[in-house]
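Next comes protein.cif, with mmCIF, C-alpha atoms and all ligand atoms.
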data_work
#
loop_
_atom_site.label_atom_id
_atom_site.label_comp_id
_atom_site.auth_asym_id
_atom_site.auth_seq_id
_atom_site.Cartn_x
_atom_site.Cartn_y
_atom_site.Cartn_z
CA MET A 1 0.00 0.00 0.00
CA ALA A 2 2.75 2.45 -0.87
CA THR A 3 1.85 5.89 -2.18
CA PRO A 4 3.58 7.57 -5.13
CA HIS A 5 5.94 9.31 -2.69
CA ILE A 6 6.18 7.07 0.39
CA SER A 7 7.27 3.44 0.22
CA ALA A 8 6.43 2.45 3.83
CA ALA A 9 4.24 -0.53 4.68
CA PRO A 10 0.91 -0.14 6.50
CA GLY A 11 1.52 0.48 10.20
CA ASP A 12 5.09 1.69 9.65
CA PHE A 13 4.30 5.24 10.81
CA ALA A 14 3.30 6.32 14.29
CA ASP A 15 0.21 8.46 14.83
CA VAL A 16 2.52 11.39 15.69
CA VAL A 17 5.00 12.55 13.05
CA LEU A 18 7.62 15.27 13.47
CA MET A 19 8.24 16.98 10.14
CA PRO A 20 11.27 19.12 9.27
CA GLY A 21 11.62 20.48 5.76
CA ASP A 22 15.09 18.97 5.47
CA PRO A 23 15.23 15.15 5.21
CA LEU A 24 18.72 15.21 6.70
CA ARG A 25 17.32 17.03 9.73
CA ALA A 26 14.84 14.15 9.94
CA ARG A 27 17.73 11.69 9.96
CA HIS A 28 19.51 13.71 12.65
CA ILE A 29 16.37 13.73 14.82
CA SER A 30 15.99 9.99 14.42
CA GLU A 31 19.64 9.27 15.26
CA ARG A 32 19.86 11.72 18.15
CA PHE A 33 16.51 11.24 19.87
CA LEU A 34 14.71 8.03 18.87
CA GLU A 35 15.34 4.58 20.26
CA GLU A 36 15.07 1.47 18.08
CA ALA A 37 14.58 3.74 15.08
CA ARG A 38 14.37 2.29 11.61
CA GLY A 39 14.00 3.87 8.22
CA VAL A 40 10.53 3.33 6.79
CA THR A 41 10.75 5.26 3.52
CA SER A 42 13.34 6.99 1.36
CA VAL A 43 11.60 7.67 -1.96
CA ARG A 44 13.37 10.66 -3.58
CA ASN A 45 15.64 10.72 -0.47
CA MET A 46 12.74 12.11 1.56
CA TYR A 47 13.63 10.05 4.61
CA GLY A 48 11.12 8.80 7.16
CA PHE A 49 11.92 6.96 10.41
CA THR A 50 9.91 5.40 13.20
CA GLY A 51 11.16 4.64 16.70
CA THR A 52 10.30 5.43 20.27
CA TYR A 53 10.92 8.43 22.46
CA ARG A 54 10.83 7.62 26.18
CA GLY A 55 8.71 4.61 25.29
CA ARG A 56 6.22 6.43 23.04
CA ARG A 57 6.13 5.51 19.37
CA VAL A 58 7.02 8.51 17.21
CA SER A 59 7.88 9.02 13.53
CA VAL A 60 9.91 11.73 11.83
CA MET A 61 9.85 12.52 8.13
CA GLY A 62 11.06 15.37 5.91
CA HIS A 63 8.46 17.34 3.96
CA GLY A 64 10.65 19.26 1.54
CA MET A 65 10.44 22.95 0.74
CA GLY A 66 7.26 24.86 0.07
CA ILE A 67 3.57 24.17 0.53
CA PRO A 68 3.18 21.92 -2.56
CA SER A 69 5.87 19.54 -1.30
CA LEU A 70 4.61 19.55 2.29
CA SER A 71 1.06 19.00 1.03
CA ILE A 72 1.99 15.76 -0.74
CA TYR A 73 3.70 14.22 2.28
CA ALA A 74 1.25 15.46 4.91
CA THR A 75 -1.75 14.29 2.90
CA GLU A 76 -0.29 10.83 2.23
CA LEU A 77 0.78 10.41 5.87
CA ILE A 78 -2.71 11.28 7.09
CA GLN A 79 -4.82 9.54 4.45
CA THR A 80 -2.76 6.41 3.83
CA TYR A 81 -0.66 5.91 6.95
CA GLY A 82 -3.05 7.07 9.67
CA ALA A 83 -0.99 9.99 11.00
CA ARG A 84 -3.15 12.10 13.31
CA VAL A 85 -0.71 14.66 14.72
CA LEU A 86 1.86 16.45 12.55
CA ILE A 87 4.43 18.71 14.17
CA ARG A 88 6.56 20.80 11.83
CA VAL A 89 10.03 21.50 13.20
CA GLY A 90 11.30 24.11 10.78
CA SER A 91 13.57 27.07 10.27
CA CYS A 92 12.55 30.65 9.57
CA GLY A 93 13.79 34.17 8.95
CA ALA A 94 13.16 36.73 11.72
CA LEU A 95 11.49 40.04 10.86
CA HIS A 96 12.09 41.95 14.12
CA ARG A 97 15.29 43.08 15.83
CA ASN A 98 14.17 41.67 19.16
CA VAL A 99 13.70 38.21 17.63
CA LYS A 100 17.17 36.69 17.71
CA LEU A 101 19.02 33.97 15.82
CA ARG A 102 18.11 30.55 17.33
CA ASP A 103 14.98 31.85 19.07
CA VAL A 104 12.19 29.27 18.99
CA ILE A 105 8.75 30.35 17.79
CA VAL A 106 5.46 28.58 18.43
CA ALA A 107 3.49 29.49 15.29
CA THR A 108 0.07 30.49 16.62
CA GLY A 109 -1.14 31.49 13.16
CA ALA A 110 0.11 31.78 9.60
CA GLY A 111 -0.68 34.23 6.83
CA THR A 112 0.34 33.29 3.31
CA ASP A 113 0.63 34.41 -0.31
CA SER A 114 -0.27 30.86 -1.34
CA LYS A 115 -3.74 30.19 -2.70
CA VAL A 116 -4.08 26.68 -1.27
CA ASN A 117 -6.32 27.53 1.67
CA ARG A 118 -8.55 29.71 -0.50
CA MET A 119 -8.90 26.69 -2.79
CA ARG A 120 -10.21 24.86 0.27
CA LEU A 121 -12.60 27.60 1.39
CA LEU A 122 -14.55 28.96 -1.60
CA ASP A 123 -11.86 31.64 -2.15
CA HIS A 124 -12.37 33.14 1.32
CA ASP A 125 -9.71 33.81 3.96
CA PHE A 126 -8.92 30.79 6.12
CA PRO A 127 -7.72 31.23 9.72
CA ALA A 128 -4.59 29.08 9.62
CA VAL A 129 -4.06 28.21 13.27
CA PRO A 130 -2.54 25.25 15.12
CA ASP A 131 -4.38 22.79 17.30
CA PHE A 132 -4.79 24.71 20.54
CA THR A 133 -3.98 21.75 22.80
CA LEU A 134 -0.70 21.11 20.98
CA ALA A 135 0.26 24.79 21.09
CA ARG A 136 -0.54 25.04 24.78
CA ARG A 137 1.47 21.88 25.44
CA ALA A 138 4.48 23.37 23.67
CA MET A 139 4.26 26.52 25.79
CA GLU A 140 3.95 24.47 28.97
CA ALA A 141 6.86 22.26 27.94
CA ALA A 142 9.03 25.31 27.35
CA GLU A 143 8.12 26.70 30.75
CA LYS A 144 8.86 23.38 32.43
CA ARG A 145 12.28 23.24 30.78
CA GLY A 146 12.97 26.88 31.65
CA ARG A 147 13.22 27.85 27.98
CA ALA A 148 12.08 31.18 26.58
CA VAL A 149 9.99 30.72 23.44
CA ARG A 150 8.01 33.20 21.41
CA ALA A 151 4.40 32.61 20.44
CA GLY A 152 3.00 34.50 17.49
CA PRO A 153 2.03 34.64 13.83
CA VAL A 154 4.32 33.80 10.92
CA PHE A 155 4.05 34.18 7.15
CA SER A 156 4.33 31.22 4.76
CA SER A 157 5.52 32.34 1.35
CA ASP A 158 5.59 30.43 -1.91
CA LEU A 159 8.74 32.35 -2.80
CA PHE A 160 12.02 32.24 -0.89
CA TYR A 161 13.26 35.01 -3.19
CA HIS A 162 10.29 37.38 -3.10
CA PRO A 163 9.73 40.11 -5.70
CA GLN A 164 7.65 42.38 -3.41
CA ALA A 165 10.23 44.74 -1.89
CA ALA A 166 7.82 46.07 0.73
CA LEU A 167 6.65 42.67 1.93
CA ASN A 168 8.97 42.05 4.87
CA GLU A 169 8.57 45.53 6.29
CA THR A 170 4.79 45.32 5.95
CA LEU A 171 4.68 41.91 7.60
CA ALA A 172 6.78 43.22 10.48
CA ARG A 173 4.46 46.20 10.93
CA MET A 174 1.50 43.80 11.11
CA GLY A 175 3.16 41.91 13.97
CA ILE A 176 4.29 38.87 11.98
CA LEU A 177 7.35 37.42 13.70
CA ALA A 178 9.04 35.51 10.89
CA VAL A 179 8.81 34.17 7.35
CA GLU A 180 9.01 30.56 6.21
CA MET A 181 7.31 28.45 3.53
CA GLU A 182 4.90 25.79 4.84
CA VAL A 183 2.99 26.46 8.07
CA ALA A 184 -0.19 27.91 6.50
CA GLY A 185 -0.45 24.87 4.22
CA LEU A 186 0.05 22.45 7.10
CA TYR A 187 -2.66 24.10 9.18
CA GLY A 188 -5.00 24.06 6.17
CA ILE A 189 -4.46 20.35 5.57
CA ALA A 190 -5.11 19.62 9.24
CA ALA A 191 -8.41 21.48 9.07
CA GLU A 192 -9.40 19.72 5.86
CA THR A 193 -8.60 16.21 7.10
CA GLY A 194 -9.43 16.43 10.81
CA ALA A 195 -5.82 15.78 11.76
CA ARG A 196 -4.09 18.09 14.26
CA ALA A 197 -1.02 20.18 13.60
CA LEU A 198 1.51 22.47 15.21
CA ALA A 199 4.60 24.22 13.88
CA LEU A 200 7.67 25.09 15.93
CA LEU A 201 10.31 27.17 14.16
CA THR A 202 13.90 28.07 14.98
CA VAL A 203 15.23 31.36 13.64
CA SER A 204 17.95 30.37 11.17
CA ASP A 205 18.52 33.78 9.65
CA HIS A 206 17.71 37.37 10.31
CA ILE A 207 16.07 39.46 7.63
CA ILE A 208 17.18 42.76 9.22
CA THR A 209 20.70 42.03 10.44
CA GLY A 210 21.66 39.51 7.75
CA GLU A 211 22.95 36.99 10.35
CA LYS A 212 22.65 33.34 9.26
CA LEU A 213 23.20 29.81 10.43
CA THR A 214 25.05 27.50 8.05
CA PRO A 215 23.22 24.70 6.19
CA GLN A 216 24.96 22.22 8.52
CA GLU A 217 23.69 24.11 11.57
CA ARG A 218 20.15 24.11 10.14
CA GLN A 219 20.49 20.33 9.80
CA THR A 220 21.83 19.37 13.21
CA SER A 221 21.62 22.19 15.76
CA PHE A 222 17.92 22.62 16.48
CA ASP A 223 17.85 20.22 19.42
CA GLU A 224 16.13 22.62 21.83
CA MET A 225 13.16 22.93 19.46
CA ILE A 226 13.14 19.17 18.81
CA GLU A 227 13.00 18.45 22.54
CA LEU A 228 9.92 20.65 22.85
CA ALA A 229 8.29 18.92 19.88
CA LEU A 230 9.03 15.56 21.49
CA ASP A 231 7.54 16.77 24.79
CA VAL A 232 4.37 17.59 22.84
CA ALA A 233 4.43 14.14 21.21
CA LEU A 234 5.04 12.36 24.50
CA ALA A 235 1.96 13.96 26.06
CA GLU A 236 -0.26 12.76 23.20
CA PRO A 237 -2.44 9.84 24.37
CA VAL A 238 -1.57 6.63 22.52
CA PRO A 239 -4.50 5.61 20.30
CA THR A 240 -6.37 2.47 21.32
CA PRO A 241 -6.55 -0.35 18.73
CA ALA A 242 -10.22 0.49 18.12
CA GLY A 243 -9.14 3.95 17.01
O1 LIG A 301 14.26 24.48 7.28
P1 LIG A 301 12.88 24.13 6.78
O2 LIG A 301 12.11 23.32 7.76
O3 LIG A 301 12.92 23.49 5.40
O4 LIG A 301 12.07 25.53 6.62
C1 LIG A 301 12.48 26.67 5.88
O5 LIG A 301 13.63 26.47 5.10
C2 LIG A 301 13.31 26.28 3.70
C3 LIG A 301 13.90 27.41 2.91
O6 LIG A 301 15.28 27.47 3.07
C4 LIG A 301 11.79 26.29 3.64
O7 LIG A 301 11.30 24.97 3.70
C5 LIG A 301 11.44 27.10 4.87
O8 LIG A 301 10.13 26.96 5.36
O1 LIG A 302 11.68 30.38 4.23
C1 LIG A 302 12.58 30.90 4.86
C2 LIG A 302 13.38 30.20 5.79
C3 LIG A 302 14.37 30.84 6.47
N1 LIG A 302 14.56 32.16 6.20
C4 LIG A 302 13.82 32.84 5.31
O2 LIG A 302 14.04 34.02 5.08
N2 LIG A 302 12.86 32.20 4.65
#
Encoded form (structure tokens):
Amino acid sequence: MATPHISAAPGDFADVVLMPGDPLRARHISERFLEEARGVTSVRNMYGFTGTYRGRRVSVMGHGMGIPSLSIYATELIQTYGARVLIRVGSCGALHRNVKLRDVIVATGAGTDSKVNRMRLLDHDFPAVPDFTLARRAMEAAEKRGRAVRAGPVFSSDLFYHPQAALNETLARMGILAVEMEVAGLYGIAAETGARALALLTVSDHIITGEKLTPQERQTSFDEMIELALDVALAEPVPTPAG
């Protein structure tokens, strides 16, 4: 029962899946945090792994860059493999001076220049928000670990290299904390399918100051965010066999 993009067998994925854009970040998460992890898919090198974290079954899989790529993997994980909770663990570019490199953001909403959610909602605006329980859990987990996180809206753009010169400044004025490329699509898919979603983001570069992490750092140095995502996963009740 493989899909065009995932070669796993039925039952190979857990109900909770952590999803970075970068498949090598997925591999890092699996190697660093999961016990008894095994690879369950690698079609197009979009790696997926399933293991346990403190005894709870958890999967991690890359979703690629941009809403179209994320949409394929998230939809197939939910519809074919029974995923119920998707937690994006991504990177983003900060739009405010007081948001610093490596800050972790809980994305409590996402605007977008993508049309995908309008396609879902008769061309009207869709409130792209996370599952409230998951978001609250992330905030509580941060507090418990003594970590400062930011909660606020982000902007998911179809274009990494954007032609609208005034966009970033306008987003900042509207209180948007950071830009990235998938959260609005993820929240739209969750609403459409009845799955639940949350996005945590680490600031990998700064739009105002020009500071940047290296690609290697974006791959392997987001452990503080990953720990919070795993705290959220760990608190998710394990589904009973009846569903
Ligand atoms: O680091 P990831 O999780 O891929 O997230 C961000 O990085 C990519 C762009 O470099 C986009 O996918 C964007 O959303
Ligand atoms: O999509 C992204 C990710 C990181 N930084 C950006 O500016 N955009």
Which protein, DNA or RNA residues have an atom within 8 Å of ligand LIG 302 (chain A), counting all atoms listed in the file, as a short mmCIF file (atom, residue, chain, number, x, y, z; two decimals) with C-alpha atoms, in the frame of the given file?
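Output file pocket14.cif follows:
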data_model
loop_
_atom_site.label_atom_id
_atom_site.label_comp_id
_atom_site.auth_asym_id
_atom_site.auth_seq_id
_atom_site.Cartn_x
_atom_site.Cartn_y
_atom_site.Cartn_z
CA SER A 91 13.57 27.07 10.27
CA CYS A 92 12.55 30.65 9.57
CA GLY A 93 13.79 34.17 8.95
CA ALA A 94 13.16 36.73 11.72
CA SER A 156 4.33 31.22 4.76
CA SER A 157 5.52 32.34 1.35
CA LEU A 159 8.74 32.35 -2.80
CA PHE A 160 12.02 32.24 -0.89
CA ALA A 178 9.04 35.51 10.89
CA VAL A 179 8.81 34.17 7.35
CA GLU A 180 9.01 30.56 6.21
CA MET A 181 7.31 28.45 3.53
CA VAL A 203 15.23 31.36 13.64
CA SER A 204 17.95 30.37 11.17
CA ASP A 205 18.52 33.78 9.65
CA HIS A 206 17.71 37.37 10.31
CA ILE A 207 16.07 39.46 7.63
#
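Between CA of Asn45 (chain A) and CA of Val60 (chain A) the separation is 13.6 Å.
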Around (-1.4, 25.4, 0.7), as given in the file, which residues come within 12 Å? Count all atoms listed in the file and list them as a CSV table (one decimal) with C-alpha atoms, in the frame of the given file.
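The resulting part_37.csv:
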chain,number,residue,atom,x,y,z
A,66,GLY,CA,7.3,24.9,0.1
A,67,ILE,CA,3.6,24.2,0.5
A,68,PRO,CA,3.2,21.9,-2.6
A,69,SER,CA,5.9,19.5,-1.3
A,70,LEU,CA,4.6,19.6,2.3
A,71,SER,CA,1.1,19.0,1.0
A,72,ILE,CA,2.0,15.8,-0.7
A,74,ALA,CA,1.2,15.5,4.9
A,75,THR,CA,-1.8,14.3,2.9
A,110,ALA,CA,0.1,31.8,9.6
A,111,GLY,CA,-0.7,34.2,6.8
A,112,THR,CA,0.3,33.3,3.3
A,113,ASP,CA,0.6,34.4,-0.3
A,114,SER,CA,-0.3,30.9,-1.3
A,115,LYS,CA,-3.7,30.2,-2.7
A,116,VAL,CA,-4.1,26.7,-1.3
A,117,ASN,CA,-6.3,27.5,1.7
A,118,ARG,CA,-8.6,29.7,-0.5
A,119,MET,CA,-8.9,26.7,-2.8
A,120,ARG,CA,-10.2,24.9,0.3
A,121,LEU,CA,-12.6,27.6,1.4
A,126,PHE,CA,-8.9,30.8,6.1
A,128,ALA,CA,-4.6,29.1,9.6
A,156,SER,CA,4.3,31.2,4.8
A,157,SER,CA,5.5,32.3,1.4
A,158,ASP,CA,5.6,30.4,-1.9
A,181,MET,CA,7.3,28.4,3.5
A,182,GLU,CA,4.9,25.8,4.8
A,183,VAL,CA,3.0,26.5,8.1
A,184,ALA,CA,-0.2,27.9,6.5
A,185,GLY,CA,-0.4,24.9,4.2
A,186,LEU,CA,0.0,22.4,7.1
A,187,TYR,CA,-2.7,24.1,9.2
A,188,GLY,CA,-5.0,24.1,6.2
A,189,ILE,CA,-4.5,20.4,5.6
A,190,ALA,CA,-5.1,19.6,9.2
A,191,ALA,CA,-8.4,21.5,9.1
A,192,GLU,CA,-9.4,19.7,5.9
> Which one of A:Leu77, A:Val232, A:Ala199, A:Leu171 sits closest to ligand LIG 301 (chain A) if you count all atoms listed in the file?
Replying inline: A:Ala199
Determine the axis-aligned bounding box of all atoms of region 124-143 of chain A present in the file, pad each side by 8 Å, and express its centre and edge lengths in Å to one decimal place as JSON.
{"center_x": -1.7, "center_y": 27.5, "center_z": 16.0, "size_x": 37.4, "size_y": 28.7, "size_z": 45.4}
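Interatomic distance, CA of Gly48 (chain A) to CA of Ile87 (chain A): 13.9 Å.
Comparing A:Arg88, A:Arg32, A:Arg102, A:Arg56 by their smallest distance to ligand LIG 301 (chain A), the closest is A:Arg88 (using all atoms listed in the file).
Between CA of Phe155 (chain A) and CA of His28 (chain A) the separation is 26.2 Å.
You can rank A:Ser42, A:Thr133, A:Ser221, A:Ser59 by their closest distance to Glu236 (chain A) using only C-alpha atoms, and at the top of that list sits A:Thr133.
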